[in-house]
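> Sharing entry-v3.csv below, CSV, C-alpha atoms:
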chain,number,residue,atom,x,y,z
A,245,MET,CA,0.0,0.0,0.0
A,246,ASN,CA,1.0,3.6,-0.4
A,247,PRO,CA,3.1,4.6,2.6
A,248,VAL,CA,1.1,7.8,3.3
A,249,LEU,CA,-2.2,5.9,3.2
A,250,VAL,CA,-0.7,3.3,5.6
A,251,ALA,CA,0.3,6.2,7.9
A,252,VAL,CA,-3.2,7.6,7.8
A,253,LEU,CA,-4.7,4.2,8.7
A,254,LEU,CA,-2.2,3.7,11.5
A,255,GLY,CA,-2.9,7.2,12.9
A,256,ILE,CA,-6.6,6.5,12.9
A,257,LEU,CA,-6.1,3.2,14.7
A,258,GLN,CA,-3.8,4.8,17.3
A,259,GLY,CA,-6.2,7.7,17.9
A,260,ILE,CA,-9.1,5.3,18.6
A,261,LEU,CA,-7.5,2.4,20.3
A,262,GLU,CA,-5.3,4.4,22.7
A,263,TRP,CA,-8.3,5.3,24.8
A,264,ILE,CA,-10.4,2.1,24.9
A,265,PRO,CA,-9.5,-1.3,26.5
A,266,VAL,CA,-8.1,-2.8,23.4
A,267,SER,CA,-4.3,-2.4,23.0
A,268,SER,CA,-3.4,0.4,20.7
A,269,GLU,CA,0.1,-0.9,20.6
A,270,GLY,CA,-1.0,-4.3,19.7
A,271,GLY,CA,-3.5,-3.1,17.1
A,272,VAL,CA,-1.1,-0.7,15.4
A,273,ALA,CA,1.7,-3.3,15.4
A,274,LEU,CA,-0.6,-5.8,13.8
A,275,ALA,CA,-1.8,-3.4,11.2
A,276,SER,CA,1.8,-2.3,10.5
A,277,THR,CA,2.7,-6.0,9.9
A,278,VAL,CA,-0.3,-6.7,7.7
A,279,LEU,CA,-0.5,-3.4,5.7
A,280,GLY,CA,3.1,-2.3,5.7
A,281,GLY,CA,4.9,-5.6,5.7
A,282,PHE,CA,7.0,-4.4,8.6
A,283,ALA,CA,9.0,-6.9,10.7
A,284,PRO,CA,7.6,-7.5,14.2
A,285,GLU,CA,10.3,-5.5,16.0
A,286,ASP,CA,9.8,-2.5,13.6
A,287,ALA,CA,6.1,-2.7,13.9
A,288,THR,CA,6.3,-2.6,17.7
A,289,ARG,CA,8.7,0.4,17.8
A,290,LEU,CA,6.5,2.2,15.3
A,291,ALA,CA,3.4,1.6,17.5
A,292,LEU,CA,5.3,3.0,20.5
A,293,PHE,CA,6.4,6.0,18.4
A,294,LEU,CA,2.8,6.9,17.5
A,295,HIS,CA,1.9,7.4,21.2
A,296,ALA,CA,3.3,10.9,20.8
A,297,GLY,CA,0.2,11.9,18.7
A,298,THR,CA,-2.3,10.8,21.3
A,299,ALA,CA,-0.2,12.5,24.0
A,300,VAL,CA,-0.8,15.7,22.1
A,301,ALA,CA,-4.5,14.9,22.0
A,302,ALA,CA,-4.6,14.4,25.8
A,303,ILE,CA,-2.8,17.7,26.4
A,304,ALA,CA,-5.2,19.6,24.1
A,305,TYR,CA,-8.3,18.0,25.6
A,306,TYR,CA,-7.2,18.4,29.3
A,307,ARG,CA,-5.4,21.7,28.7
A,308,ALA,CA,-7.0,23.5,31.6
A,309,ASP,CA,-6.2,20.6,33.9
A,310,VAL,CA,-2.6,20.5,32.6
A,311,VAL,CA,-2.2,24.2,33.4
A,312,ASP,CA,-3.6,23.8,36.9
A,313,ILE,CA,-1.3,20.8,37.5
A,314,LEU,CA,1.7,22.8,36.4
A,315,ASP,CA,0.7,25.8,38.6
A,316,SER,CA,0.6,23.5,41.6
A,317,ALA,CA,4.2,22.4,41.2
A,318,ARG,CA,5.6,25.0,43.7
A,319,GLU,CA,3.4,23.5,46.4
A,320,LEU,CA,4.4,19.9,45.7
A,321,THR,CA,7.4,19.6,48.1
A,322,ARG,CA,5.5,21.1,51.0
A,323,ARG,CA,2.0,19.5,50.5
A,324,PRO,CA,2.1,16.3,48.4
A,325,PHE,CA,-1.3,14.8,47.8
A,326,ALA,CA,-3.2,17.8,49.2
A,327,ASP,CA,-6.3,18.9,47.3
A,328,GLU,CA,-4.3,21.2,45.0
A,329,THR,CA,-1.3,18.9,44.5
A,330,ALA,CA,-3.0,15.5,44.4
A,331,ASP,CA,-3.0,15.2,40.6
A,332,LEU,CA,0.6,16.3,40.2
A,333,SER,CA,1.8,14.0,43.0
A,334,PHE,CA,-0.1,11.1,41.4
A,335,LEU,CA,1.4,11.8,38.0
A,336,ALA,CA,4.9,12.3,39.2
A,337,ILE,CA,5.1,9.1,41.3
A,338,ALA,CA,3.1,7.0,38.8
A,339,THR,CA,5.4,8.1,36.0
A,340,LEU,CA,8.4,7.1,38.1
A,341,ALA,CA,6.8,3.7,38.8
A,342,THR,CA,6.1,3.3,35.1
A,343,GLY,CA,9.7,3.9,34.3
A,344,LEU,CA,10.9,1.3,36.8
A,345,THR,CA,8.6,-1.4,35.4
A,346,GLY,CA,8.4,-0.2,31.8
A,347,LEU,CA,12.1,-0.1,30.9
A,348,PRO,CA,12.7,-3.7,31.8
A,349,ALA,CA,9.4,-4.6,30.0
A,350,TYR,CA,10.6,-2.8,26.9
A,351,LEU,CA,14.0,-4.5,26.9
A,352,LEU,CA,12.2,-7.9,27.4
A,353,LEU,CA,9.8,-7.0,24.6
A,354,ASP,CA,12.5,-5.9,22.2
A,355,ALA,CA,14.4,-9.2,22.7
A,356,ALA,CA,11.2,-11.3,22.5
A,357,VAL,CA,9.6,-9.9,19.4
A,358,SER,CA,12.8,-9.8,17.4
A,359,GLY,CA,12.7,-13.6,17.5
A,360,LEU,CA,9.0,-13.9,16.5
A,361,GLU,CA,7.6,-14.1,13.0
A,362,GLY,CA,4.1,-14.0,11.5
A,363,GLY,CA,1.7,-16.3,13.4
A,364,LEU,CA,3.7,-16.5,16.6
A,365,PHE,CA,3.7,-12.7,16.9
A,366,LEU,CA,0.0,-12.5,16.2
A,367,ALA,CA,-0.7,-15.3,18.8
A,368,LEU,CA,1.3,-13.4,21.5
A,369,VAL,CA,-0.7,-10.2,20.9
A,370,GLY,CA,-4.0,-12.1,20.8
A,371,GLY,CA,-3.4,-13.9,24.2
A,372,LEU,CA,-2.5,-10.6,25.9
A,373,LEU,CA,-5.6,-8.9,24.5
A,374,VAL,CA,-7.8,-11.6,26.0
A,375,LEU,CA,-6.2,-11.1,29.5
A,376,THR,CA,-6.7,-7.3,29.1
A,377,GLY,CA,-10.4,-7.8,28.3
A,378,LEU,CA,-11.0,-10.1,31.3
A,379,LEU,CA,-9.3,-7.6,33.6
A,380,GLN,CA,-11.6,-4.8,32.4
A,381,ARG,CA,-14.7,-6.9,32.7
A,382,PHE,CA,-14.3,-7.6,36.4
A,383,ALA,CA,-12.8,-4.3,37.6
A,384,VAL,CA,-16.1,-2.6,38.7
A,385,ALA,CA,-17.4,-5.6,40.6
A,386,LEU,CA,-14.3,-5.7,42.7
A,387,SER,CA,-14.2,-1.9,43.3
A,388,LEU,CA,-13.0,-0.9,46.8
A,389,GLY,CA,-14.9,2.0,48.3
A,390,GLU,CA,-15.0,5.6,47.0
A,391,ARG,CA,-12.1,8.0,46.7
A,392,ALA,CA,-12.2,11.7,46.0
A,393,ARG,CA,-8.6,12.1,45.0
A,394,PRO,CA,-5.6,9.9,44.3
A,395,ASP,CA,-3.0,8.9,47.0
A,396,TRP,CA,0.5,7.4,46.9
A,397,VAL,CA,-0.8,3.8,46.8
A,398,ASP,CA,-2.8,4.7,43.7
A,399,ALA,CA,0.2,6.2,42.1
A,400,VAL,CA,2.6,3.3,42.7
A,401,PHE,CA,-0.1,0.7,41.8
A,402,VAL,CA,-1.3,2.3,38.6
A,403,GLY,CA,2.1,3.5,37.5
A,404,ALA,CA,3.7,0.0,37.9
A,405,LEU,CA,0.8,-1.6,35.9
A,406,GLN,CA,1.1,1.1,33.2
A,407,GLY,CA,4.8,0.2,32.8
A,408,VAL,CA,3.9,-3.4,32.1
A,409,ALA,CA,1.4,-2.2,29.5
A,410,ILE,CA,4.3,-1.4,27.1
A,411,LEU,CA,4.0,-5.1,26.1
A,412,PRO,CA,2.1,-5.5,22.9
A,413,GLY,CA,-1.5,-6.6,23.4
A,414,VAL,CA,-1.8,-5.1,26.9
A,415,SER,CA,-4.1,-2.1,26.9
A,416,ARG,CA,-2.6,0.9,28.8
A,417,SER,CA,-6.0,2.6,29.2
A,418,GLY,CA,-7.8,-0.6,30.1
A,419,THR,CA,-5.2,-1.6,32.7
A,420,THR,CA,-4.9,1.9,34.3
A,421,VAL,CA,-8.6,2.6,34.3
A,422,SER,CA,-9.3,-0.9,35.8
A,423,ALA,CA,-6.7,-0.3,38.5
A,424,LEU,CA,-8.2,3.1,39.4
A,425,LEU,CA,-11.7,1.5,39.6
A,426,LEU,CA,-10.4,-1.2,41.8
A,427,ARG,CA,-9.0,1.5,44.1
A,428,GLY,CA,-12.4,3.1,44.4
A,429,HIS,CA,-12.3,6.0,41.9
A,430,GLU,CA,-15.5,6.7,40.0
A,431,GLY,CA,-15.7,6.3,36.2
A,432,GLU,CA,-15.1,9.7,34.8
A,433,SER,CA,-12.4,10.4,37.3
A,434,SER,CA,-10.7,7.2,36.4
A,435,LEU,CA,-10.7,8.1,32.7
A,436,ARG,CA,-9.4,11.6,33.5
A,437,LEU,CA,-6.5,10.3,35.6
A,438,SER,CA,-5.7,7.6,33.1
A,439,PHE,CA,-5.7,9.9,30.2
A,440,LEU,CA,-3.5,12.5,32.0
A,441,LEU,CA,-1.1,9.8,33.0
A,442,SER,CA,-0.8,8.8,29.3
A,443,ILE,CA,0.9,12.1,28.5
A,444,PRO,CA,4.3,11.5,30.3
A,445,ALA,CA,4.1,7.8,29.5
A,446,ALA,CA,3.6,8.3,25.8
A,447,LEU,CA,6.3,11.0,25.5
A,448,GLY,CA,8.7,8.7,27.4
A,449,ALA,CA,7.9,5.7,25.2
A,450,ASN,CA,8.4,7.9,22.1
A,451,ALA,CA,11.8,9.2,23.4
A,452,LEU,CA,12.8,5.6,24.2
A,453,VAL,CA,12.2,4.5,20.7
A,454,LEU,CA,13.9,7.5,19.1
A,455,ALA,CA,16.9,7.1,21.4
A,456,ASP,CA,17.1,3.4,20.6
A,457,ASP,CA,16.9,3.2,16.8
A,458,GLY,CA,15.1,6.3,15.6
A,459,VAL,CA,11.8,6.0,13.7
A,460,PRO,CA,11.7,2.5,12.2
A,461,ALA,CA,10.5,1.5,8.7
A,462,ILE,CA,8.8,4.8,7.9
A,463,ASP,CA,9.8,7.9,6.0
A,464,PRO,CA,9.6,11.4,7.6
A,465,LEU,CA,6.5,12.5,5.7
A,466,SER,CA,4.6,9.4,6.7
A,467,ALA,CA,5.7,9.8,10.3
A,468,VAL,CA,4.3,13.4,10.4
A,469,VAL,CA,1.1,12.3,8.8
A,470,ALA,CA,0.6,9.4,11.2
A,471,LEU,CA,1.3,11.6,14.2
A,472,ALA,CA,-1.1,14.4,13.0
A,473,VAL,CA,-3.9,11.9,12.3
A,474,SER,CA,-3.5,10.2,15.6
A,475,ALA,CA,-3.6,13.5,17.4
A,476,LEU,CA,-6.8,14.6,15.7
A,477,VAL,CA,-8.6,11.3,15.9
A,478,GLY,CA,-7.4,10.9,19.5
A,479,TYR,CA,-8.9,14.2,20.6
A,480,LEU,CA,-12.3,13.4,19.0
A,481,THR,CA,-12.2,9.9,20.6
A,482,VAL,CA,-11.5,11.3,24.1
A,483,ASP,CA,-14.3,13.8,23.8
A,484,ALA,CA,-16.7,11.0,22.7
A,485,LEU,CA,-15.7,8.7,25.6
A,486,VAL,CA,-16.1,11.4,28.2
A,487,ARG,CA,-19.5,12.3,26.8
A,488,LEU,CA,-20.5,8.6,26.8
A,489,VAL,CA,-19.6,8.0,30.5
A,490,ARG,CA,-21.7,11.0,31.5
A,491,GLN,CA,-24.7,9.5,29.8
A,492,VAL,CA,-24.3,5.7,30.4
A,493,PRO,CA,-23.6,3.8,33.6
A,494,PHE,CA,-19.8,3.2,33.6
A,495,TRP,CA,-20.1,-0.5,34.4
A,496,THR,CA,-22.0,-0.9,31.1
A,497,VAL,CA,-19.2,0.8,29.3
A,498,CYS,CA,-16.6,-1.4,31.0
A,499,VAL,CA,-18.5,-4.6,30.1
A,500,VAL,CA,-19.0,-3.6,26.5
A,501,PHE,CA,-15.3,-2.6,26.0
A,502,GLY,CA,-14.1,-5.6,28.0
A,503,GLY,CA,-16.2,-7.8,25.6
A,504,LEU,CA,-14.5,-6.1,22.6
A,505,GLY,CA,-11.1,-6.8,24.1
A,506,VAL,CA,-12.0,-10.5,24.6
A,507,VAL,CA,-13.5,-10.9,21.1
A,508,GLY,CA,-10.7,-9.0,19.5
A,509,GLY,CA,-8.1,-11.1,21.3
A,510,LEU,CA,-9.8,-14.4,20.4
A,511,LEU,CA,-10.1,-13.4,16.7
A,512,VAL,CA,-6.4,-12.5,16.6
A,513,ALA,CA,-5.4,-15.7,18.4
A,514,LEU,CA,-7.3,-17.8,16.0
Would you encode the structure as structure tokens?

Amino acid sequence: MNPVLVAVLLGILQGILEWIPVSSEGGVALASTVLGGFAPEDATRLALFLHAGTAVAAIAYYRADVVDILDSARELTRRPFADETADLSFLAIATLATGLTGLPAYLLLDAAVSGLEGGLFLALVGGLLVLTGLLQRFAVALSLGERARPDWVDAVFVGALQGVAILPGVSRSGTTVSALLLRGHEGESSLRLSFLLSIPAALGANALVLADDGVPAIDPLSAVVALAVSALVGYLTVDALVRLVRQVPFWTVCVVFGGLGVVGGLLVAL
């Protein structure tokens, strides 16, 4: 296929899948393999690179929250996890925890996928997608109490799980939203914290890929197109999801998306 057309399709996939409990990394890597003929290791690195586009989408959608969080930085050392610094404290500690688990996971991933080809790579992604869907399905039923703001336990727990979500097939949003629900945060708040946390994680993953081997298997024009499309589609998808959870009981959204994860995983595995 035409490289620019492939870039547009990959950008659309990234922009949609990043925010729902189906792995954007797994979906984009699979599409890159099928449509672009990329090797598994190149497809995985490209999928990580495209997270920068959806990070821009999250910054744009939550721009007021981002400004407030940055304004609270001067109070962070004196009053961590107070009302005005809770979000920044959460993001800082969770991002550190993500780095501590994500870097080893990335190195393991890089070594593993370079030895996989075709069906084996697809089977790996499919199996991890099934596990992600099951986790999302049961998160609400196991919810523990109600929380008005995040604490350090939330930050360490959610951040560590987000680091593991660098593996292809593991949904970052599905894993982090599920963890926040399990900790007692309500639906829209869980989405908000998860989407804000995606910003440093996505930029970090992008930097990791660029520092490792640069942008793999894609020309500069296609890279710009893919990033721009993922940012635009990502913004529209975030807006649609937030509107949805305000209209529909969140457990219903979780069950439907969890089912999508299970079905998608089974189809890939078969």
> Around the point (-6.9, 2.2, 34.4), in the coordinates given by the file, pick out the residues reaching within 9 Å, counting only C-alpha atoms, and return them as an mmCIF file with C-alpha atoms, keeping the file's coordinate frame.

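Output below, filename point_14.cif:
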data_model
loop_
_atom_site.group_PDB
_atom_site.id
_atom_site.type_symbol
_atom_site.label_atom_id
_atom_site.label_comp_id
_atom_site.auth_asym_id
_atom_site.auth_seq_id
_atom_site.Cartn_x
_atom_site.Cartn_y
_atom_site.Cartn_z
ATOM 1 C CA GLN A 380 -11.600 -4.800 32.400
ATOM 2 C CA VAL A 402 -1.300 2.300 38.600
ATOM 3 C CA LEU A 405 0.800 -1.600 35.900
ATOM 4 C CA GLN A 406 1.100 1.100 33.200
ATOM 5 C CA ARG A 416 -2.600 0.900 28.800
ATOM 6 C CA SER A 417 -6.000 2.600 29.200
ATOM 7 C CA GLY A 418 -7.800 -0.600 30.100
ATOM 8 C CA THR A 419 -5.200 -1.600 32.700
ATOM 9 C CA THR A 420 -4.900 1.900 34.300
ATOM 10 C CA VAL A 421 -8.600 2.600 34.300
ATOM 11 C CA SER A 422 -9.300 -0.900 35.800
ATOM 12 C CA ALA A 423 -6.700 -0.300 38.500
ATOM 13 C CA LEU A 424 -8.200 3.100 39.400
ATOM 14 C CA LEU A 425 -11.700 1.500 39.600
ATOM 15 C CA LEU A 426 -10.400 -1.200 41.800
ATOM 16 C CA SER A 434 -10.700 7.200 36.400
ATOM 17 C CA LEU A 435 -10.700 8.100 32.700
ATOM 18 C CA LEU A 437 -6.500 10.300 35.600
ATOM 19 C CA SER A 438 -5.700 7.600 33.100
ATOM 20 C CA PHE A 439 -5.700 9.900 30.200
#
> To one decimal in Å, tell me the separation between CA of Ala326 in chain A and CA of Arg427 in chain A.
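CA of Arg427 in chain A lies at a distance of 18.0 Å from CA of Ala326 in chain A.
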> Tell me, as a list of chain:residue names, which residues lie within 9 Å of Thr298 in chain A, counting all atoms listed in the file; anything in the same chain fewer than 5 positions away does not count.
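What passes the distance filter is A:Gln258, A:Gly259, A:Glu262, A:Trp263, A:Ile303, A:Ser442, A:Ile443, A:Ala446, A:Leu471, A:Ser474, A:Ala475, A:Leu476, A:Val477, A:Gly478, A:Tyr479.
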> For a quick check of understanding, using all atoms listed in the file, which of A:Leu290, A:Leu411, A:Met245, A:Ile313 has the smallest distance to Phe334 in chain A?
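Closest residue, counting all atoms listed in the file: A:Ile313.
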> State, in Å with one decimal place, the distance from CA of Leu320 in chain A to CA of Ala399 in chain A.
14.8 Å
> I'd like to know which of A:Leu440, A:Val468, A:Ala287, A:Ala451 is closest to Ala302 in chain A, using all atoms listed in the file.
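Of all the options, A:Leu440 lies closest to Ala302 in chain A.
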> Which distance in Å separates CA of Thr339 in chain A and CA of Leu441 in chain A, to one decimal?
7.4 Å
